[in-house]
Amino acid sequence: MEKNKKNTPRREFLRTGLLAGAGAFAAGNLLSSCSESSKSGKKLKLLTPDGKLVEVDASDIKPSEEYKLQAREGIPGRKFVMVIDLAKCNNARKCVEACQEGHHLPTNHEYMKVYMMQDSDKSAPYWFPKPCFQCDNPLCVSVCPVGATYKRTDGIVLIDHDRCIGCKFCMTGCPYSARNFAWEDHEEYDGSIVYNPESSVPGQEGTVSKCVFCADRLRENKLPYCLLACPMGVIYFGDIDEDAVTNGSETVAFSELIRDRSGYRYLESLGTRPSVYYLPPVNRQFPIERGYDGLDEEIKDRYKDTPYAKERG
Amino acid sequence: METINSASTEKLREFRSQIERPGMRSIIWIIFLTLLILWGIYALYIQISGGHVVTGMRDNVVWGIYIVNFIFFMGISYAGALISGTLHLFRTSWRKPVIRMAEFITIIALFIGPLYILLCIGRLDRLSFLVLFGRIQSPITWDVIAISTDIFGCLIFLYLSVLRDIAALRDFTELKIPKWRKKLYRILALGYTGTQEQQVRLKRATDIMAGMVIAIAIIVYSVLAWIFSVTLQPGWHSTIFGPYFVIAAVYSGTGVLIIAMWLFRKIYHLEKHLTRKHFINIGVLMLVLAAFFGYFTFSEYLTKWYGSQKNDEQLIHLLMDKYFILFILSNYLGVLMPLIVVGIPKFRTINMITITAVVVVIALWINRYLIVVPTLESPYIPIQDFRPEWISYSSTWVEWVLTLGGLAAFCLFFTLGARFIPIISISEDQDRKGEIL
């Protein structure tokens with residue numbers, strides 16, 4: 001019903017990819033020469049876990065279907081966890097930008113958002129980066145009518161853009177407003193890139209997307225974009241079973257970090273059991289105003305309704 | 001054959017002008033409605049080609065007036081089913097002139113309502129996935145199953161209740177209608193001639209379906225409510241949503257029924273059939289439902305306000321501030337007006353009751369809007385770090401034109417339906433004479 005020209009090369013590829021796969025299988029069975037299916041001469045764009053676009057021959061890479069199957073399985077033996085140190089965050093927004101770039105998101109479309117939280121009138125405001133919490137009891141997954149969004153053994157919740165029908169029920173189900181909808185087509189949704197749910201690239205008009213903990217990078221033993229981009233070392237990432245998390249410069253024991261710094265999960269009372277922990281904003285390294293430094297007027301405006309901004313005038 | 005239909009022949013003569021060639025006025029009316037629908041189709045084209053960005057829905061308020069219309073139309077549909085089913089089962093003596101309209105409302109709204117949920121879906125090309133990859137754990141799947149069951153049930157119920165009229169139309173040879181329509185009546189009448197055995201069977205089947213339709217209607221509307229209340233959203237996560245929605249549905253249905261009665265009474269000059277008594281009877285039903293609806297609304301908001309849990313308080317504040325006028329209109333006027341107008345005998349005129357019904361229907365549409373939109377505007381995590389124009393919901397012309405298109409489709413199907421089958425049941429009068437039916 002919908003025309004999405006940008007997707008046609010990918011669909012075409014899918015078809016040829018599958019056909020080529022079937023052809024190779026048949027050829028192997030017949031013990032005939034495999035050379036005919038080795039190089040198709042067709043070039044395809046592929047997103048590497050470093051966020052680079054490379055052009056490769058169609059026969060050298062896996063078809064999207066294989067990525068989708070792989071993405072349904074978690075990375076074996078892993079259970080990922082993120083810890084965000086609120087004492088260090090000064091809203092530099094490098095995590096937001098790196099995430100947008102890495103996941104080919106249009107401007108103004110963010111997986112990672114930074115909130116200015118103030119728990120009550122008298123309490124102090126603090127900057128609060130918020131990715132998807134990858135809950136262990138995810139309501140978004142429960143309510144999906146077509147199984148487009150799913151929970152993996154390594155704790156990550158993913159979305160299959162090719163399966164999503166765009167009903168947005170998961171968006172109302174998520175109490176943390178972690179999900180985005182692709183309201184229109186963008187040039188960033190480059191349909192010629194081979195789709196991989198683990199990278200969530202490319203986006204697709206009319207479907208839901210969100211932070212994926214950079215699952216494609218994790219598969220290559222690389223850390224998420226947001227963590228590497230953060231100049232303050234706010235974000236720690238690791239494996240809860242290994243009991244180790246790192247922010248790129250220091251690696252610490254997860255359990256000790258949580259114990260010593262009174263780590264907590266946001267809105268624990270909702271019972272969603274997030275995989276993201278926060279360290280409270282104590283002994284802060286920056287005053288809250290620092291978070292406004294170097295921001296565009298448009299971004300500053302986003303905080304104008306906070307009690308802090310209103311008080312400051 | 002003659003015996004069963006001779007009694008209705010006289011009545012058919014009265015209604016033949018409706019059934020035969022349409023007059024100039026109704027042709028203009030039909031063209032007008034068709035144009036509105038075409039305008040809606042154009043808006044739909046804009047939405048599909050341009051993406052959902054042409055609507056006012058955004059990442060926070062992901063559902064807008066489409067879902068409000070969905071609840072609204074499904075509401076009046078279930079109401080029609082409940083009213084016609086109940087009146088049928090209790091053999092209410094005054095039901096005959098009213099029951100056919102209620103059935104029409106049911107079936108037409110039931111076809112239009114689900115179209116609105118389709119408008120909320122980003123990828124209509126993947127609609128088949130609901131079946132191919134359907135997950136029974138999702139309330140949307142419950143809804144798909146429930147609504148399709150309801151459509152079948154209501155179609156069967158409507159068909160059974162018009163069967164005798166179709167047979168009468170088939171046997172009424174004086175009727176000046178095209179050949180294809182005569183043929184259609186002959187096929188649809190299924191060879192019904194009114195023998196003793198046929199009457200007993202028809203009665204039994206209608207009774208069973210009347211009961212089924214009531215049960216299905218309650219289930220379907222509860223499932224619809226659960227789509228909202230299974231989520232954790234402060235405004236939706238409520239245990240009373242099932243019964244609250246059912247009551248609101250029947251309530252809106254009585255309103256639409258009264259409006260339909262008034263319109264058909266005026267247009268087709270049915271003053272003889274639809275008397276003040278009918279308006280008062282349905283009006284009293286509306287009054288009782290208004291009281292229930294008011295009670296549910298009150299307990300819903302009282303508990304949220306009194307406990308004043310942070311997020312509930314935030315929602316109540318939004319309702320009492322930004323949405324204050326709508327809140328008063330919907331939850332005060334929409335409850336009190338029927339209580340006063342129908343409650344005080346002096347005010348019980350046909351026109352007053354109809355005006356009340358109009359207010360009630362509008363109030364209930366707003367009630368659904370206040371359930372959907374303010375809730376989505378006050379999530380757990382305060383809306384920040386969003387571009388400003390994405391924070392609040394403001395519906396666009398595309399959404400309104402599609403809303404109008406749906407209303408026009410409702411009126412058009414009603415008009416066409418009344419041309420095909422008399423809007424007042426003609427054969428049911430016979431049971432007054434002590435016959436089996």
# chains A, B, ... in the order shown; residues from 1 in each chain; ligands from 1

$ closest_atom_pairs --of "chain B" --to "chain A" --cutoff "9 Å" --atoms "only C-alpha atoms" --output "CSV"
residue,atom,partner,partner_atom,distance
B:Ile48,CA,A:Glu2,CA,6.3
B:Ser49,CA,A:Glu2,CA,6.8
B:Gly50,CA,A:Glu184,CA,6.7
B:Gly51,CA,A:Glu184,CA,4.8
B:His52,CA,A:Trp183,CA,5.0
B:Val53,CA,A:Trp183,CA,4.8
B:Val54,CA,A:Trp183,CA,8.5
B:Met57,CA,A:Trp183,CA,8.7
B:Arg58,CA,A:Trp183,CA,7.5
B:Asp59,CA,A:Asn180,CA,5.8
B:Asn60,CA,A:Ser177,CA,7.4
B:Val61,CA,A:Thr172,CA,8.7
B:Val62,CA,A:Lys168,CA,6.6
B:Trp63,CA,A:Lys168,CA,7.9
B:Ile117,CA,A:Cys167,CA,8.5
B:Leu118,CA,A:Cys167,CA,8.4
B:Cys120,CA,A:Cys167,CA,6.2
B:Ile121,CA,A:Cys167,CA,4.5
B:Gly122,CA,A:Gly206,CA,4.0
B:Arg123,CA,A:Ile165,CA,4.9
B:Leu124,CA,A:Met1,CA,6.7
B:Asp125,CA,A:Met1,CA,5.1
B:Arg126,CA,A:Ile165,CA,5.7
B:Leu127,CA,A:Ile165,CA,6.9
B:Phe129,CA,A:Val146,CA,6.3
B:Leu130,CA,A:Val146,CA,5.8
B:Val131,CA,A:Val146,CA,8.2
B:Leu132,CA,A:Val146,CA,8.1
B:Phe133,CA,A:Val146,CA,4.9
B:Gly134,CA,A:Val146,CA,4.9
B:Arg135,CA,A:Pro145,CA,5.3
B:Ile136,CA,A:Pro145,CA,7.5
B:Gln137,CA,A:Ser142,CA,6.4
B:Ser138,CA,A:Val143,CA,4.4
B:Pro139,CA,A:Val143,CA,6.5
B:Ile140,CA,A:Pro145,CA,5.8
B:Thr141,CA,A:Pro145,CA,5.9
B:Ile227,CA,A:Phe169,CA,8.4
B:Phe228,CA,A:Thr172,CA,8.5
B:Val230,CA,A:Gly173,CA,8.2
B:Thr231,CA,A:Gly173,CA,5.0
B:Leu232,CA,A:Pro175,CA,6.3
B:Gln233,CA,A:Pro175,CA,6.7
B:Leu376,CA,A:Thr172,CA,7.6
B:Pro379,CA,A:Pro175,CA,7.0
B:Tyr380,CA,A:Pro175,CA,6.1
B:Ile381,CA,A:Tyr176,CA,6.0
B:Pro382,CA,A:Tyr115,CA,8.3
B:Ile383,CA,A:Tyr115,CA,8.5
B:Gln384,CA,A:Tyr115,CA,6.0
B:Asp385,CA,A:Arg302,CA,5.1
B:Phe386,CA,A:Arg302,CA,6.1
B:Arg387,CA,A:Arg302,CA,6.4
B:Pro388,CA,A:Arg302,CA,6.6

$ select_by_dssp --residues "segment 56-206 of chain A" --states "alpha helix (DSSP H)" --output "JSON, numbers by chain"
{"A": [64, 65, 66, 67, 68, 69, 70, 71, 72, 94, 95, 96, 97, 98, 99, 100, 101, 102, 139, 140, 141, 142, 143, 169, 170, 171, 172, 173]}

$ write_last_selection --atoms "C-alpha atoms" --output "PDB file, in the first residue's frame"
ATOM      1  CA  SER A  64      19.175  -9.421   6.026  1.00  0.00           C
ATOM      2  CA  GLU A  65      17.194 -12.552   6.914  1.00  0.00           C
ATOM      3  CA  GLU A  66      20.270 -14.057   8.498  1.00  0.00           C
ATOM      4  CA  TYR A  67      20.905 -10.940  10.533  1.00  0.00           C
ATOM      5  CA  LYS A  68      17.314 -11.060  11.678  1.00  0.00           C
ATOM      6  CA  LEU A  69      17.610 -14.669  12.761  1.00  0.00           C
ATOM      7  CA  GLN A  70      20.870 -13.948  14.543  1.00  0.00           C
ATOM      8  CA  ALA A  71      19.368 -10.892  16.220  1.00  0.00           C
ATOM      9  CA  ARG A  72      16.607 -13.035  17.748  1.00  0.00           C
ATOM     10  CA  LYS A  94      28.066  13.825  23.144  1.00  0.00           C
ATOM     11  CA  CYS A  95      26.269  10.548  23.850  1.00  0.00           C
ATOM     12  CA  VAL A  96      23.176  11.856  22.062  1.00  0.00           C
ATOM     13  CA  GLU A  97      25.137  12.959  19.013  1.00  0.00           C
ATOM     14  CA  ALA A  98      27.268   9.826  18.752  1.00  0.00           C
ATOM     15  CA  CYS A  99      24.166   7.667  19.048  1.00  0.00           C
ATOM     16  CA  GLN A 100      22.360   9.623  16.350  1.00  0.00           C
ATOM     17  CA  GLU A 101      25.320   9.361  14.040  1.00  0.00           C
ATOM     18  CA  GLY A 102      25.982   5.705  14.733  1.00  0.00           C
ATOM     19  CA  LEU A 139       5.624  -4.388  28.842  1.00  0.00           C
ATOM     20  CA  CYS A 140       6.468  -3.255  25.314  1.00  0.00           C
ATOM     21  CA  VAL A 141       7.270  -6.866  24.416  1.00  0.00           C
ATOM     22  CA  SER A 142       4.130  -8.214  26.107  1.00  0.00           C
ATOM     23  CA  VAL A 143       1.782  -5.964  24.181  1.00  0.00           C
ATOM     24  CA  PHE A 169       1.001   0.025  21.379  1.00  0.00           C
ATOM     25  CA  CYS A 170       4.532  -0.608  22.677  1.00  0.00           C
ATOM     26  CA  MET A 171       5.058   3.136  22.907  1.00  0.00           C
ATOM     27  CA  THR A 172       2.088   3.501  25.240  1.00  0.00           C
ATOM     28  CA  GLY A 173       3.202   0.373  27.065  1.00  0.00           C
TER      29      GLY A 173
END

$ closest_residue --among "B:Thr86, B:Phe104, B:Met74, B:Gly23" --to "Gly417 of chain B" --atoms "only C-alpha atoms"
B:Phe104

$ residues_around --residues "Ile267 of chain B" --least-positions-apart "4" --cutoff "12 Å" --atoms "only C-alpha atoms" --output "PyMOL selection string"
chain B and resi 17-18+23+25-26+29+260-263+271+415+418+423

$ write_last_selection --atoms "N, CA and C atoms" --output "short mmCIF file (atom, residue, chain, number, x, y, z; two decimals), in the first residue's frame"
data_model
loop_
_atom_site.label_atom_id
_atom_site.label_comp_id
_atom_site.auth_asym_id
_atom_site.auth_seq_id
_atom_site.Cartn_x
_atom_site.Cartn_y
_atom_site.Cartn_z
N SER B 17 -42.59 4.36 -0.48
CA SER B 17 -41.91 5.52 -1.05
C SER B 17 -40.44 5.56 -0.62
N GLN B 18 -40.16 5.05 0.59
CA GLN B 18 -38.76 5.01 1.04
C GLN B 18 -37.96 3.98 0.26
N GLY B 23 -36.00 10.35 -3.83
CA GLY B 23 -36.40 11.69 -4.27
C GLY B 23 -35.19 12.57 -4.49
N ARG B 25 -34.33 15.24 -2.94
CA ARG B 25 -33.66 15.65 -1.71
C ARG B 25 -32.69 14.58 -1.23
N SER B 26 -33.12 13.34 -1.32
CA SER B 26 -32.23 12.30 -0.79
C SER B 26 -31.07 12.04 -1.74
N TRP B 29 -28.57 14.63 -0.81
CA TRP B 29 -27.99 14.20 0.47
C TRP B 29 -26.93 13.12 0.26
N ALA B 260 -31.14 9.42 15.94
CA ALA B 260 -31.62 8.73 14.72
C ALA B 260 -33.14 8.71 14.69
N MET B 261 -33.76 8.44 15.85
CA MET B 261 -35.23 8.42 15.90
C MET B 261 -35.81 9.77 15.49
N TRP B 262 -35.20 10.83 16.02
CA TRP B 262 -35.70 12.18 15.74
C TRP B 262 -35.58 12.48 14.24
N LEU B 263 -34.42 12.15 13.67
CA LEU B 263 -34.19 12.45 12.25
C LEU B 263 -35.16 11.68 11.36
N GLU B 271 -44.35 10.05 12.68
CA GLU B 271 -44.94 10.50 13.95
C GLU B 271 -45.88 9.45 14.55
N THR B 415 -28.61 5.82 5.45
CA THR B 415 -29.56 6.24 4.43
C THR B 415 -29.82 5.10 3.44
N ALA B 418 -31.72 2.19 4.96
CA ALA B 418 -33.15 2.47 5.11
C ALA B 418 -33.87 2.42 3.77
N ILE B 423 -37.03 1.10 7.78
CA ILE B 423 -36.38 1.48 9.02
C ILE B 423 -37.25 1.10 10.23
#

$ closest_residue --among "B:Leu289, B:Val342, B:Ile350, B:Leu155" --to "Lys277 of chain B" --atoms "only C-alpha atoms"
B:Ile350

$ residues_around --residues "Cys89 of chain A" --least-positions-apart "4" --cutoff "8 Å" --atoms "only C-alpha atoms" --output "list in words"
Asp85, Trp127, Phe128, Pro129, Met232, Val234 and Phe286 of chain A

$ write_last_selection --atoms "C-alpha atoms" --output "PDB file, in the first residue's frame"
ATOM      1  CA  ASP A  85      26.790   7.995  37.068  1.00  0.00           C
ATOM      2  CA  TRP A 127      21.103  15.875  34.459  1.00  0.00           C
ATOM      3  CA  PHE A 128      19.657  12.482  33.680  1.00  0.00           C
ATOM      4  CA  PRO A 129      20.713  10.632  30.499  1.00  0.00           C
ATOM      5  CA  MET A 232      33.029  12.580  31.514  1.00  0.00           C
ATOM      6  CA  VAL A 234      29.346   8.896  32.923  1.00  0.00           C
ATOM      7  CA  PHE A 286      29.814  20.199  37.972  1.00  0.00           C
TER       8      PHE A 286
END

$ atom_distance --atom1 "atom CA of Phe410 of chain B" --atom2 "atom CA of Ile112 of chain B"
7.1 Å

$ closest_residue --among "A:Gly248, A:Ile235, A:Leu158, A:Gly77" --to "Lys222 of chain A" --atoms "only C-alpha atoms"
A:Gly248

$ select_by_dssp --residues "segment 92-296 of chain A" --states "strand (DSSP E or B)" --output "PyMOL selection string"
chain A and resi 113-117+126-130+149-151+157-159+180-181+193+196+201+208-209+235-239+244-246+251-253+264+276-279

$ residues_around --residues "Asp239 of chain A" --least-positions-apart "6" --cutoff "8 Å" --atoms "only C-alpha atoms" --output "JSON, numbers by chain"
{"A": [78, 79, 80, 81, 245]}

$ residues_around --residues "Pro274 of chain A" --least-positions-apart "6" --cutoff "8 Å" --atoms "only C-alpha atoms" --output "list in words"
Phe133, Gln134, Cys135, Asp136, Asn137, Arg265, Tyr266 and Glu268 of chain A

$ write_last_selection --atoms "N, CA and C atoms" --output "compact mmCIF listing (two decimals), in the first residue's frame"
# COMPACT_ATOMS: atom_id res chain seq x y z
N PHE A 133 15.80 1.16 28.81
CA PHE A 133 16.22 0.47 30.03
C PHE A 133 16.36 -1.05 29.84
N GLN A 134 16.02 -1.56 28.68
CA GLN A 134 16.14 -3.00 28.38
C GLN A 134 15.59 -3.83 29.55
N CYS A 135 14.36 -3.57 29.90
CA CYS A 135 13.75 -4.19 31.09
C CYS A 135 13.73 -5.71 31.01
N ASP A 136 13.81 -6.33 32.18
CA ASP A 136 13.67 -7.79 32.24
C ASP A 136 12.21 -8.21 32.26
N ASN A 137 11.33 -7.25 32.52
CA ASN A 137 9.90 -7.54 32.46
C ASN A 137 9.27 -6.47 31.56
N ARG A 265 17.60 1.68 40.47
CA ARG A 265 16.98 1.68 39.15
C ARG A 265 15.83 2.67 39.16
N TYR A 266 15.64 3.36 38.05
CA TYR A 266 14.63 4.41 38.00
C TYR A 266 13.22 3.81 37.99
N GLU A 268 11.66 1.92 40.10
CA GLU A 268 11.67 0.51 40.47
C GLU A 268 10.26 0.00 40.81

$ closest_residue --among "B:Ile105, B:Val401, B:Val372, B:Ile362" --to "Ile67 of chain B" --atoms "only C-alpha atoms"
B:Val372

$ residues_around --residues "Tyr236 of chain A" --least-positions-apart "4" --cutoff "7 Å" --atoms "only C-alpha atoms" --output "JSON, numbers by chain"
{"A": [82, 83, 84, 227, 245, 246, 247]}

$ write_last_selection --atoms "C-alpha atoms" --output "PDB file, in the first residue's frame"
ATOM      1  CA  MET A  82      24.512  -0.279  32.096  1.00  0.00           C
ATOM      2  CA  VAL A  83      25.323   2.027  34.981  1.00  0.00           C
ATOM      3  CA  ILE A  84      24.932   5.784  34.616  1.00  0.00           C
ATOM      4  CA  LEU A 227      29.802   5.313  26.300  1.00  0.00           C
ATOM      5  CA  VAL A 245      31.471  -2.734  34.140  1.00  0.00           C
ATOM      6  CA  THR A 246      33.681  -0.226  32.340  1.00  0.00           C
ATOM      7  CA  ASN A 247      33.348   3.361  31.258  1.00  0.00           C
TER       8      ASN A 247
END
